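Raw contents of coords.cif, mmCIF, C-alpha atoms:
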data_work
loop_
_atom_site.label_atom_id
_atom_site.label_comp_id
_atom_site.auth_asym_id
_atom_site.auth_seq_id
_atom_site.Cartn_x
_atom_site.Cartn_y
_atom_site.Cartn_z
CA MET A 224 46.99 -164.62 -79.46
CA SER A 225 45.71 -166.48 -82.50
CA ALA A 226 45.16 -170.23 -82.59
CA GLU A 227 47.87 -170.46 -85.23
CA ALA A 228 50.34 -168.70 -82.95
CA GLU A 229 49.50 -170.98 -80.03
CA GLU A 230 50.24 -173.96 -82.20
CA SER A 231 53.56 -172.41 -83.25
CA PHE A 232 54.89 -172.37 -79.67
CA ARG A 233 55.11 -175.45 -77.47
CA LYS A 234 56.45 -174.91 -73.99
CA ALA A 235 58.92 -177.32 -72.46
CA GLU A 236 57.56 -179.12 -69.40
CA PRO A 237 59.52 -180.88 -66.64
CA GLY A 238 61.00 -184.27 -67.45
CA PHE A 239 61.55 -183.80 -71.19
CA ARG A 240 57.90 -183.40 -72.04
CA TRP A 241 56.30 -180.66 -74.12
CA SER A 242 52.84 -179.10 -74.04
CA GLY A 243 50.68 -180.66 -76.73
CA VAL A 244 53.20 -183.40 -77.57
CA GLU A 245 51.97 -186.92 -77.00
CA LEU A 246 54.13 -189.51 -75.22
CA LEU A 247 54.11 -192.52 -77.54
CA ASN A 248 55.23 -196.09 -77.44
CA TYR A 249 58.56 -196.49 -79.22
CA LYS A 250 57.05 -199.20 -81.43
CA GLU A 251 54.16 -201.60 -81.27
CA GLU A 252 54.84 -204.03 -78.40
CA GLY A 253 56.14 -207.35 -79.74
CA SER A 254 56.91 -206.00 -83.23
CA ALA A 255 60.66 -205.95 -82.53
CA PRO A 256 63.04 -206.36 -79.57
CA PHE A 257 63.41 -203.20 -77.46
CA LYS A 258 63.20 -202.27 -73.78
CA ALA A 259 62.00 -199.28 -71.79
CA ILE A 260 61.99 -196.62 -74.50
CA SER A 261 59.47 -193.90 -75.38
CA ARG A 262 59.00 -191.58 -78.35
CA GLN A 263 57.72 -188.03 -78.81
CA THR A 264 57.41 -186.36 -82.21
CA LEU A 265 58.59 -182.79 -81.77
CA PHE A 266 58.32 -181.60 -85.37
CA ALA A 267 56.38 -183.33 -88.16
CA ASP A 268 55.04 -180.57 -90.36
CA PRO A 269 53.72 -181.25 -93.87
CA ARG A 270 55.94 -178.42 -95.15
CA LEU A 271 59.07 -179.91 -93.55
CA ALA A 272 60.98 -182.65 -95.40
CA GLY A 273 62.43 -183.85 -92.09
CA GLU A 274 60.96 -184.97 -88.78
CA LEU A 275 62.53 -184.41 -85.39
CA ARG A 276 61.73 -186.98 -82.73
CA TYR A 277 62.79 -187.28 -79.09
CA PHE A 278 63.50 -190.74 -77.69
CA GLU A 279 64.08 -191.56 -74.06
CA ILE A 280 65.53 -194.84 -72.84
CA GLU A 281 65.22 -195.79 -69.18
CA ALA A 282 68.29 -197.07 -67.32
CA GLU A 283 69.40 -200.36 -68.90
CA GLY A 284 66.82 -200.06 -71.66
CA TYR A 285 67.65 -200.20 -75.36
CA SER A 286 66.35 -199.36 -78.82
CA THR A 287 65.89 -202.02 -81.50
CA LEU A 288 68.98 -203.32 -83.26
CA GLU A 289 68.06 -202.56 -86.86
CA ARG A 290 69.10 -201.06 -90.19
CA HIS A 291 67.37 -199.23 -93.05
CA GLU A 292 68.10 -197.12 -96.08
CA HIS A 293 67.24 -193.82 -94.42
CA VAL A 294 69.83 -191.89 -92.44
CA HIS A 295 69.57 -191.02 -88.74
CA ALA A 296 71.01 -187.77 -87.42
CA VAL A 297 71.16 -188.00 -83.63
CA MET A 298 71.99 -185.44 -80.94
CA ILE A 299 72.21 -186.70 -77.36
CA LEU A 300 70.16 -184.40 -75.14
CA HIS A 301 70.73 -185.80 -71.64
CA GLY A 302 72.00 -188.80 -69.73
CA ARG A 303 74.63 -191.36 -70.59
CA GLY A 304 74.66 -194.42 -72.76
CA THR A 305 76.33 -196.38 -75.49
CA CYS A 306 75.63 -196.77 -79.17
CA LEU A 307 76.54 -199.39 -81.69
CA VAL A 308 76.94 -198.03 -85.23
CA GLY A 309 78.24 -200.67 -87.63
CA GLU A 310 81.44 -202.08 -86.11
CA ASN A 311 81.82 -199.33 -83.53
CA VAL A 312 80.62 -199.05 -79.96
CA ARG A 313 80.86 -195.55 -78.48
CA SER A 314 79.93 -193.96 -75.17
CA VAL A 315 77.63 -191.01 -75.68
CA GLU A 316 77.12 -187.92 -73.57
CA PRO A 317 74.96 -184.82 -73.87
CA LEU A 318 75.30 -182.90 -77.15
CA ASP A 319 77.34 -185.61 -78.91
CA LEU A 320 76.33 -186.03 -82.57
CA VAL A 321 75.90 -189.43 -84.22
CA THR A 322 75.22 -189.96 -87.92
CA ILE A 323 73.91 -193.41 -88.86
CA ALA A 324 74.51 -194.08 -92.53
CA SER A 325 72.24 -196.11 -94.81
CA TRP A 326 72.06 -199.85 -94.12
CA THR A 327 74.21 -199.62 -90.98
CA TRP A 328 73.24 -201.79 -88.00
CA HIS A 329 72.67 -199.56 -84.99
CA GLN A 330 71.32 -199.62 -81.46
CA PHE A 331 71.30 -197.27 -78.46
CA ARG A 332 71.52 -198.37 -74.83
CA ALA A 333 71.14 -196.35 -71.63
CA SER A 334 73.82 -196.83 -69.00
CA ALA A 335 73.09 -198.60 -65.72
CA GLY A 336 71.37 -196.13 -63.42
CA GLU A 337 71.01 -193.43 -66.09
CA LYS A 338 68.38 -192.45 -68.60
CA LEU A 339 69.42 -191.58 -72.12
CA GLY A 340 67.47 -188.93 -74.05
CA PHE A 341 68.23 -188.02 -77.64
CA LEU A 342 66.90 -186.17 -80.67
CA CYS A 343 66.71 -188.03 -83.97
CA LEU A 344 66.25 -186.29 -87.32
CA VAL A 345 64.95 -188.39 -90.22
CA ASN A 346 63.42 -187.78 -93.61
CA LYS A 347 59.63 -187.60 -93.59
CA ASP A 348 59.59 -190.18 -96.40
CA ARG A 349 61.57 -193.17 -95.25
CA ASP A 350 61.74 -196.95 -95.47
CA ARG A 351 60.88 -199.41 -92.72
CA PRO A 352 63.69 -200.89 -90.58
CA GLN A 353 65.03 -204.42 -91.06
CA LEU A 354 65.82 -206.71 -88.13
CA PRO A 355 68.93 -208.92 -88.20
CA SER A 356 68.60 -212.60 -89.06
CA ALA A 357 70.15 -215.13 -86.68
CA GLU A 358 73.15 -215.34 -89.05
CA GLU A 359 73.55 -211.56 -89.18
CA LEU A 360 73.36 -211.32 -85.41
CA GLU A 361 76.01 -214.01 -85.08
CA ALA A 362 78.24 -212.15 -87.53
CA LEU A 363 77.81 -208.96 -85.50
CA ARG A 364 78.66 -210.81 -82.28
CA ALA A 365 81.98 -211.89 -83.80
CA ASN A 366 83.09 -208.37 -82.87
CA PRO A 367 83.89 -208.61 -79.10
CA CYS A 368 82.93 -204.97 -78.47
CA ALA A 369 79.57 -205.55 -80.16
CA ALA A 370 79.00 -208.80 -78.24
CA ASP A 371 79.70 -207.02 -74.94
CA PHE A 372 77.38 -204.21 -76.00
CA PHE A 373 74.57 -206.67 -76.81
CA ASP A 374 75.13 -208.32 -73.43
CA GLY A 375 74.50 -204.98 -71.74
CA GLY A 376 78.14 -203.92 -71.39
CA LYS A 377 78.75 -206.26 -68.44
CA LYS A 378 82.44 -206.51 -69.31
CA SER A 379 82.83 -202.76 -69.58
CA PRO A 380 84.30 -200.83 -66.65
CA MET B 32 88.01 -197.52 -86.09
CA SER B 33 87.34 -196.77 -89.75
CA ALA B 34 87.42 -193.27 -91.23
CA GLU B 35 83.72 -193.62 -91.97
CA ALA B 36 82.99 -194.38 -88.33
CA GLU B 37 85.03 -191.40 -87.14
CA GLU B 38 82.97 -189.20 -89.39
CA SER B 39 79.76 -190.68 -88.01
CA PHE B 40 80.55 -189.54 -84.45
CA ARG B 41 81.25 -185.95 -83.50
CA LYS B 42 82.03 -185.33 -79.85
CA ALA B 43 80.55 -182.37 -78.03
CA GLU B 44 83.16 -179.89 -76.84
CA PRO B 45 82.81 -177.24 -74.13
CA GLY B 46 80.86 -174.11 -74.98
CA PHE B 47 78.44 -175.61 -77.52
CA ARG B 48 81.11 -176.54 -80.02
CA TRP B 49 81.58 -179.91 -81.73
CA SER B 50 84.67 -181.67 -83.04
CA GLY B 51 84.94 -181.17 -86.78
CA VAL B 52 82.14 -178.59 -86.91
CA GLU B 53 83.17 -175.17 -88.15
CA LEU B 54 82.07 -171.99 -86.34
CA LEU B 55 80.59 -169.81 -89.08
CA ASN B 56 79.39 -166.28 -89.46
CA TYR B 57 75.61 -166.13 -89.22
CA LYS B 58 75.48 -164.32 -92.59
CA GLU B 59 77.81 -162.24 -94.69
CA GLU B 60 78.53 -159.03 -92.75
CA GLY B 61 76.44 -156.14 -94.11
CA SER B 62 74.07 -158.41 -96.06
CA ALA B 63 71.26 -157.93 -93.51
CA PRO B 64 70.78 -156.47 -90.02
CA PHE B 65 71.89 -158.81 -87.21
CA LYS B 66 74.09 -158.64 -84.13
CA ALA B 67 76.42 -161.01 -82.29
CA ILE B 68 75.21 -164.35 -83.68
CA SER B 69 77.10 -167.41 -84.91
CA ARG B 70 76.11 -170.52 -86.85
CA GLN B 71 77.26 -174.15 -86.86
CA THR B 72 75.87 -176.76 -89.24
CA LEU B 73 75.41 -179.94 -87.21
CA PHE B 74 73.83 -182.15 -89.87
CA ALA B 75 73.83 -181.48 -93.61
CA ASP B 76 74.02 -184.85 -95.27
CA PRO B 77 73.20 -185.36 -98.96
CA ARG B 78 70.91 -188.25 -97.96
CA LEU B 79 68.98 -186.08 -95.47
CA ALA B 80 66.16 -183.86 -96.73
CA GLY B 81 66.60 -181.61 -93.69
CA GLU B 82 69.51 -179.70 -92.17
CA LEU B 83 70.03 -179.11 -88.47
CA ARG B 84 71.88 -175.96 -87.54
CA TYR B 85 72.90 -174.50 -84.16
CA PHE B 86 72.74 -170.74 -83.69
CA GLU B 87 74.11 -168.85 -80.74
CA ILE B 88 73.26 -165.25 -79.96
CA GLU B 89 75.37 -163.30 -77.47
CA ALA B 90 73.67 -161.26 -74.76
CA GLU B 91 71.62 -158.49 -76.38
CA GLY B 92 72.34 -159.80 -79.86
CA TYR B 93 69.67 -160.70 -82.41
CA SER B 94 69.01 -162.60 -85.60
CA THR B 95 67.75 -160.91 -88.75
CA LEU B 96 64.08 -159.91 -88.89
CA GLU B 97 63.01 -161.77 -92.03
CA ARG B 98 60.50 -164.07 -93.67
CA HIS B 99 60.59 -166.80 -96.32
CA GLU B 100 58.55 -169.63 -97.75
CA HIS B 101 60.43 -172.37 -95.92
CA VAL B 102 59.48 -173.41 -92.40
CA HIS B 103 61.74 -173.18 -89.34
CA ALA B 104 61.51 -175.77 -86.57
CA VAL B 105 63.38 -174.43 -83.54
CA MET B 106 64.33 -176.00 -80.21
CA ILE B 107 65.92 -173.74 -77.61
CA LEU B 108 69.03 -175.44 -76.26
CA HIS B 109 70.29 -173.04 -73.58
CA GLY B 110 69.97 -169.50 -72.29
CA ARG B 111 67.08 -167.08 -72.31
CA GLY B 112 65.65 -164.80 -74.93
CA THR B 113 62.62 -163.59 -76.78
CA CYS B 114 61.23 -164.38 -80.19
CA LEU B 115 58.89 -162.52 -82.48
CA VAL B 116 56.79 -164.83 -84.70
CA GLY B 117 54.20 -162.91 -86.68
CA GLU B 118 52.18 -160.82 -84.21
CA ASN B 119 53.46 -162.67 -81.14
CA VAL B 120 56.38 -161.99 -78.85
CA ARG B 121 57.26 -164.88 -76.53
CA SER B 122 59.95 -165.50 -73.93
CA VAL B 123 61.88 -168.66 -74.68
CA GLU B 124 63.68 -171.03 -72.36
CA PRO B 125 65.61 -174.27 -72.82
CA LEU B 126 63.76 -177.03 -74.69
CA ASP B 127 60.87 -174.78 -75.82
CA LEU B 128 59.74 -175.54 -79.38
CA VAL B 129 58.94 -172.82 -81.92
CA THR B 130 57.50 -173.46 -85.39
CA ILE B 131 57.81 -170.57 -87.83
CA ALA B 132 55.29 -170.95 -90.64
CA SER B 133 55.83 -169.87 -94.25
CA TRP B 134 56.04 -166.14 -94.88
CA THR B 135 55.89 -165.25 -91.18
CA TRP B 136 58.11 -162.40 -89.97
CA HIS B 137 60.38 -163.66 -87.22
CA GLN B 138 63.39 -162.71 -85.15
CA PHE B 139 65.21 -164.07 -82.07
CA ARG B 140 66.86 -161.93 -79.40
CA ALA B 141 69.05 -162.96 -76.47
CA SER B 142 68.14 -161.50 -73.09
CA ALA B 143 70.34 -158.91 -71.39
CA GLY B 144 73.23 -160.71 -69.74
CA GLU B 145 72.34 -164.12 -71.26
CA LYS B 146 73.31 -166.01 -74.37
CA LEU B 147 70.64 -167.80 -76.38
CA GLY B 148 71.48 -171.03 -78.17
CA PHE B 149 69.02 -172.91 -80.35
CA LEU B 150 68.70 -175.67 -82.91
CA CYS B 151 66.94 -174.89 -86.18
CA LEU B 152 65.70 -177.56 -88.58
CA VAL B 153 65.08 -176.53 -92.19
CA ASN B 154 64.61 -178.22 -95.53
CA LYS B 155 67.84 -178.71 -97.47
CA ASP B 156 66.15 -177.08 -100.48
CA ARG B 157 64.82 -173.71 -99.40
CA ASP B 158 64.25 -170.17 -100.60
CA ARG B 159 66.23 -167.09 -99.59
CA PRO B 160 64.86 -164.83 -96.83
CA GLN B 161 63.20 -161.50 -97.53
CA LEU B 162 63.88 -158.39 -95.44
CA PRO B 163 61.02 -156.03 -94.50
CA SER B 164 60.53 -152.82 -96.46
CA ALA B 165 60.28 -149.57 -94.47
CA GLU B 166 56.48 -149.79 -94.82
CA GLU B 167 56.39 -153.40 -93.62
CA LEU B 168 58.58 -152.55 -90.64
CA GLU B 169 56.29 -149.65 -89.77
CA ALA B 170 53.27 -151.95 -89.98
CA LEU B 171 54.99 -154.45 -87.66
CA ARG B 172 55.82 -151.64 -85.19
CA ALA B 173 52.11 -150.76 -84.96
CA ASN B 174 51.98 -153.75 -82.59
CA PRO B 175 53.27 -152.35 -79.25
CA CYS B 176 54.73 -155.72 -78.19
CA ALA B 177 56.63 -155.96 -81.47
CA ALA B 178 57.84 -152.35 -81.21
CA ASP B 179 59.15 -153.02 -77.69
CA PHE B 180 60.79 -156.22 -78.94
CA PHE B 181 62.53 -154.34 -81.79
CA ASP B 182 63.71 -151.73 -79.28
CA GLY B 183 65.42 -154.48 -77.30
CA GLY B 184 62.62 -155.07 -74.80
CA LYS B 185 63.46 -151.95 -72.79
CA LYS B 186 59.85 -151.65 -71.60
CA SER B 187 59.69 -155.29 -70.53
CA PRO B 188 60.11 -156.11 -66.84
#
Give the structure from this file in structure tokens form.
Amino acid sequence: MSAEAEESFRKAEPGFRWSGVELLNYKEEGSAPFKAISRQTLFADPRLAGELRYFEIEAEGYSTLERHEHVHAVMILHGRGTCLVGENVRSVEPLDLVTIASWTWHQFRASAGEKLGFLCLVNKDRDRPQLPSAEELEALRANPCAADFFDGGKKSP
Amino acid sequence: MSAEAEESFRKAEPGFRWSGVELLNYKEEGSAPFKAISRQTLFADPRLAGELRYFEIEAEGYSTLERHEHVHAVMILHGRGTCLVGENVRSVEPLDLVTIASWTWHQFRASAGEKLGFLCLVNKDRDRPQLPSAEELEALRANPCAADFFDGGKKSP
């Protein structure tokens, strides 16, 4: 088998890992609020206009609450969790699809006792995320569902 | 919940279907050789440079043997099967990753008695596939692994 062919096939390994795919920090530590989340880049090919990444959030972990111009196209791969997209908080389960439109505040959280793993498709060329100001966060918390979500869903059943 | 939010969330349904996602023919019948394969477009957003599609091949079905300039980025989602990528025939299992480079002949086949379901990421702007000429098919069949693959893997264990 040629070297090119070997590169073209990456075997799945136990625990949502892949041969030749590096397990990365979600972001640089301290650059933004997040908890217990990792990142693997599954496809980032110079000839592809999109990139497909796999994120995994440990139980009770969360991604950064942020917004940006670029769109996220998410497919839940395993586990259970909750996502905030704009004004809406939704439970997510395997294979659910979530589109995050431009400039929409969003965050993913794993459920208590459950990991949450998901694919996220983005454009290769994309802008950097914005974090909410104190005022923006307060405005978001005016929505009781969002406030409960930010507090880790403690009021949820 | 706003109409926009409803659109942003598409619930997974049993049997690898999604709410609001149409089950499509793989291609126009008779336009190319293929067998027992369906297509669903999971993400095709004007603001995304990529599209994510889900293909499902019934047991013993197959996709078209073809090549094109655009790259395919494939993740197997469920089932078992085999893929030909250039000179190489590989068994594929859930979560395996397959990159199909430009102008590389490729085809997917489901195993006997098993469906094969996979995600395929492509550029939104892409060229149309080419089918092999009789001479090109003969050249591909000079590879015994490829010939066995085209014959449905009857010589495989």
Show me, as a tab-separated table, the residues of chain B having an atom within 9 Å of chain A, each with the closest atom pair and its distance in Å, using all atoms listed in the file.
residue	atom	partner	partner_atom	distance
B:Met32	CA	A:Asn311	CA	6.9
B:Ser33	CA	A:Asn311	CA	8.7
B:Ala36	CA	A:Asn311	CA	7.0
B:Glu38	CA	A:Thr322	CA	7.9
B:Ser39	CA	A:Thr322	CA	4.6
B:Phe40	CA	A:Val321	CA	4.7
B:Arg41	CA	A:Leu320	CA	5.0
B:Lys42	CA	A:Asp319	CA	4.8
B:Ala43	CA	A:Asp319	CA	4.6
B:Glu44	CA	A:Asp319	CA	8.4
B:Phe47	CA	A:Leu318	CA	7.9
B:Trp49	CA	A:Asp319	CA	7.6
B:Leu73	CA	A:Leu320	CA	7.7
B:Phe74	CA	A:Ala296	CA	6.7
B:Asp76	CA	A:Val294	CA	8.7
B:Arg78	CA	A:Val294	CA	6.7
B:Leu79	CA	A:Asn346	CA	6.1
B:Ala80	CA	A:Ala272	CA	5.5
B:Gly81	CA	A:Gly273	CA	5.0
B:Glu82	CA	A:Gly273	CA	8.2
B:Leu83	CA	A:Leu344	CA	8.2
B:His101	CA	A:Arg270	CA	7.6
B:Val102	CA	A:Leu271	CA	6.6
B:His103	CA	A:Leu271	CA	8.4
B:Ala104	CA	A:Phe266	CA	6.8
B:Val105	CA	A:Phe266	CA	9.0
B:Val116	CA	A:Ala228	CA	7.7
B:Gly117	CA	A:Ala228	CA	7.9
B:Glu118	CA	A:Met224	CA	8.0
B:Asn119	CA	A:Met224	CA	7.0
B:Arg121	CA	A:Phe232	CA	8.5
B:Val123	CA	A:Lys234	CA	8.3
B:Glu124	CA	A:Ala235	CA	7.9
B:Pro125	CA	A:Ala235	CA	7.4
B:Leu126	CA	A:Ala235	CA	5.3
B:Asp127	CA	A:Ala235	CA	4.6
B:Leu128	CA	A:Arg233	CA	5.0
B:Val129	CA	A:Phe232	CA	4.7
B:Thr130	CA	A:Ser231	CA	4.6
B:Ile131	CA	A:Ser231	CA	6.5
B:Ala132	CA	A:Ser231	CA	7.7
B:Ser133	CA	A:Arg270	CA	8.6
B:Leu152	CA	A:Gly273	CA	7.9
B:Val153	CA	A:Leu271	CA	7.0
B:Asn154	CA	A:Ala272	CA	5.7
B:Lys155	CA	A:Ala272	CA	8.2
Handout entry: Near-Arg276 (chain A) list (6 Å; all atoms listed in the file; drop same-chain fewer than 3 positions) as a PyMOL selection string
Key = chain A and resi 263-265+342-343
Practice task
Mind giving me the straight-line distance from CA of Tyr85 (chain B) to CA of Phe149 (chain B) in Å, one decimal?
Solution key: 5.7 Å
Name all residues at most 7 Å from Thr287 (chain A) (count only C-alpha atoms; drop same-chain ones fewer than 2 positions away) and give them as an mmCIF file with C-alpha atoms, in the frame of the given file.
data_model
loop_
_atom_site.group_PDB
_atom_site.id
_atom_site.type_symbol
_atom_site.label_atom_id
_atom_site.label_comp_id
_atom_site.auth_asym_id
_atom_site.auth_seq_id
_atom_site.Cartn_x
_atom_site.Cartn_y
_atom_site.Cartn_z
ATOM 1 C CA ALA A 255 60.660 -205.950 -82.530
ATOM 2 C CA PRO A 256 63.040 -206.360 -79.570
ATOM 3 C CA PHE A 257 63.410 -203.200 -77.460
ATOM 4 C CA TYR A 285 67.650 -200.200 -75.360
ATOM 5 C CA GLU A 289 68.060 -202.560 -86.860
ATOM 6 C CA GLN A 330 71.320 -199.620 -81.460
#
Exercise for the section: Quick one: pull the distance between CA of Arg111 (chain B) and CA of Glu87 (chain B), Å, one decimal. Expected result: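 Between these atoms lies a distance of 11.1 Å.
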Handout entry: Coordinates-based distance that separates CA of Ser286 (chain A) from CA of Glu252 (chain A) (Å, one decimal)
Key =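 Computing it gives 12.4 Å between the two atoms.
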Quick one: everything within 6 Å of Ile260 (chain A), counting all atoms listed in the file, minus sequence neighbours fewer than 2 positions away in the same chain. Send it as an mmCIF file with C-alpha atoms, in the coordinates of the input.
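Result went into part_26.cif, see below:
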data_model
loop_
_atom_site.group_PDB
_atom_site.id
_atom_site.type_symbol
_atom_site.label_atom_id
_atom_site.label_comp_id
_atom_site.auth_asym_id
_atom_site.auth_seq_id
_atom_site.Cartn_x
_atom_site.Cartn_y
_atom_site.Cartn_z
ATOM 1 C CA TYR A 249 58.560 -196.490 -79.220
ATOM 2 C CA LYS A 258 63.200 -202.270 -73.780
ATOM 3 C CA GLU A 279 64.080 -191.560 -74.060
ATOM 4 C CA ILE A 280 65.530 -194.840 -72.840
#
Handout entry: Top pick for closest residue to Leu171 (chain B), considering B:Leu147, B:Leu96, B:Leu55, B:Ala141 and counting all atoms listed in the file
Key =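 Among the listed residues, B:Leu96 lies closest to Leu171 (chain B).
Proximity of B:Leu115, B:Lys58, B:Gly92, B:Phe181 to Gly144 (chain B), computed with only C-alpha atoms, is greatest for B:Gly92.
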My structure is short of atoms at region 358-376 of chain A; please model N, CA, C and O atoms there, returning them as a PDB file, in the coordinates of the input.
ATOM      1  N   GLU A 358      71.792-215.320 -88.469  1.00  0.00           N
ATOM      2  CA  GLU A 358      73.150-215.340 -89.050  1.00  0.00           C
ATOM      3  C   GLU A 358      73.791-213.956 -88.949  1.00  0.00           C
ATOM      4  O   GLU A 358      74.980-213.825 -88.636  1.00  0.00           O
ATOM      5  N   GLU A 359      73.003-212.933 -89.242  1.00  0.00           N
ATOM      6  CA  GLU A 359      73.550-211.560 -89.180  1.00  0.00           C
ATOM      7  C   GLU A 359      73.915-211.186 -87.753  1.00  0.00           C
ATOM      8  O   GLU A 359      74.942-210.546 -87.508  1.00  0.00           O
ATOM      9  N   LEU A 360      73.074-211.616 -86.812  1.00  0.00           N
ATOM     10  CA  LEU A 360      73.360-211.320 -85.410  1.00  0.00           C
ATOM     11  C   LEU A 360      74.644-212.037 -84.971  1.00  0.00           C
ATOM     12  O   LEU A 360      75.487-211.452 -84.272  1.00  0.00           O
ATOM     13  N   GLU A 361      74.791-213.256 -85.413  1.00  0.00           N
ATOM     14  CA  GLU A 361      76.010-214.010 -85.080  1.00  0.00           C
ATOM     15  C   GLU A 361      77.238-213.314 -85.665  1.00  0.00           C
ATOM     16  O   GLU A 361      78.279-213.196 -85.003  1.00  0.00           O
ATOM     17  N   ALA A 362      77.122-212.845 -86.892  1.00  0.00           N
ATOM     18  CA  ALA A 362      78.240-212.150 -87.530  1.00  0.00           C
ATOM     19  C   ALA A 362      78.590-210.877 -86.754  1.00  0.00           C
ATOM     20  O   ALA A 362      79.767-210.551 -86.547  1.00  0.00           O
ATOM     21  N   LEU A 363      77.557-210.168 -86.291  1.00  0.00           N
ATOM     22  CA  LEU A 363      77.810-208.960 -85.500  1.00  0.00           C
ATOM     23  C   LEU A 363      78.501-209.303 -84.185  1.00  0.00           C
ATOM     24  O   LEU A 363      79.399-208.580 -83.739  1.00  0.00           O
ATOM     25  N   ARG A 364      78.096-210.419 -83.582  1.00  0.00           N
ATOM     26  CA  ARG A 364      78.660-210.810 -82.280  1.00  0.00           C
ATOM     27  C   ARG A 364      80.106-211.295 -82.398  1.00  0.00           C
ATOM     28  O   ARG A 364      80.780-211.470 -81.378  1.00  0.00           O
ATOM     29  N   ALA A 365      80.570-211.527 -83.603  1.00  0.00           N
ATOM     30  CA  ALA A 365      81.980-211.890 -83.800  1.00  0.00           C
ATOM     31  C   ALA A 365      82.900-210.738 -83.379  1.00  0.00           C
ATOM     32  O   ALA A 365      84.080-210.944 -83.084  1.00  0.00           O
ATOM     33  N   ASN A 366      82.355-209.546 -83.352  1.00  0.00           N
ATOM     34  CA  ASN A 366      83.090-208.370 -82.870  1.00  0.00           C
ATOM     35  C   ASN A 366      82.925-208.333 -81.329  1.00  0.00           C
ATOM     36  O   ASN A 366      81.805-208.164 -80.840  1.00  0.00           O
ATOM     37  N   PRO A 367      84.023-208.519 -80.576  1.00  0.00           N
ATOM     38  CA  PRO A 367      83.890-208.610 -79.100  1.00  0.00           C
ATOM     39  C   PRO A 367      83.244-207.372 -78.483  1.00  0.00           C
ATOM     40  O   PRO A 367      82.490-207.492 -77.511  1.00  0.00           O
ATOM     41  N   CYS A 368      83.543-206.200 -79.016  1.00  0.00           N
ATOM     42  CA  CYS A 368      82.930-204.970 -78.470  1.00  0.00           C
ATOM     43  C   CYS A 368      81.424-204.995 -78.694  1.00  0.00           C
ATOM     44  O   CYS A 368      80.644-204.581 -77.816  1.00  0.00           O
ATOM     45  N   ALA A 369      81.003-205.477 -79.871  1.00  0.00           N
ATOM     46  CA  ALA A 369      79.570-205.550 -80.160  1.00  0.00           C
ATOM     47  C   ALA A 369      78.911-206.589 -79.263  1.00  0.00           C
ATOM     48  O   ALA A 369      77.835-206.353 -78.706  1.00  0.00           O
ATOM     49  N   ALA A 370      79.576-207.739 -79.085  1.00  0.00           N
ATOM     50  CA  ALA A 370      79.000-208.800 -78.240  1.00  0.00           C
ATOM     51  C   ALA A 370      78.802-208.298 -76.812  1.00  0.00           C
ATOM     52  O   ALA A 370      77.755-208.521 -76.195  1.00  0.00           O
ATOM     53  N   ASP A 371      79.805-207.587 -76.295  1.00  0.00           N
ATOM     54  CA  ASP A 371      79.700-207.020 -74.940  1.00  0.00           C
ATOM     55  C   ASP A 371      78.572-205.991 -74.878  1.00  0.00           C
ATOM     56  O   ASP A 371      77.805-205.957 -73.908  1.00  0.00           O
ATOM     57  N   PHE A 372      78.469-205.195 -75.922  1.00  0.00           N
ATOM     58  CA  PHE A 372      77.380-204.210 -76.000  1.00  0.00           C
ATOM     59  C   PHE A 372      76.022-204.906 -75.962  1.00  0.00           C
ATOM     60  O   PHE A 372      75.135-204.543 -75.191  1.00  0.00           O
ATOM     61  N   PHE A 373      75.865-205.954 -76.779  1.00  0.00           N
ATOM     62  CA  PHE A 373      74.570-206.670 -76.810  1.00  0.00           C
ATOM     63  C   PHE A 373      74.257-207.313 -75.459  1.00  0.00           C
ATOM     64  O   PHE A 373      73.096-207.453 -75.080  1.00  0.00           O
ATOM     65  N   ASP A 374      75.321-207.702 -74.737  1.00  0.00           N
ATOM     66  CA  ASP A 374      75.130-208.320 -73.430  1.00  0.00           C
ATOM     67  C   ASP A 374      74.950-207.275 -72.323  1.00  0.00           C
ATOM     68  O   ASP A 374      75.003-207.619 -71.138  1.00  0.00           O
ATOM     69  N   GLY A 375      74.773-206.032 -72.714  1.00  0.00           N
ATOM     70  CA  GLY A 375      74.500-204.980 -71.740  1.00  0.00           C
ATOM     71  C   GLY A 375      75.746-204.358 -71.149  1.00  0.00           C
ATOM     72  O   GLY A 375      75.688-203.676 -70.124  1.00  0.00           O
ATOM     73  N   GLY A 376      76.893-204.566 -71.808  1.00  0.00           N
ATOM     74  CA  GLY A 376      78.140-203.920 -71.390  1.00  0.00           C
ATOM     75  C   GLY A 376      78.657-204.452 -70.066  1.00  0.00           C
ATOM     76  O   GLY A 376      79.329-203.742 -69.333  1.00  0.00           O
TER      77      GLY A 376
END
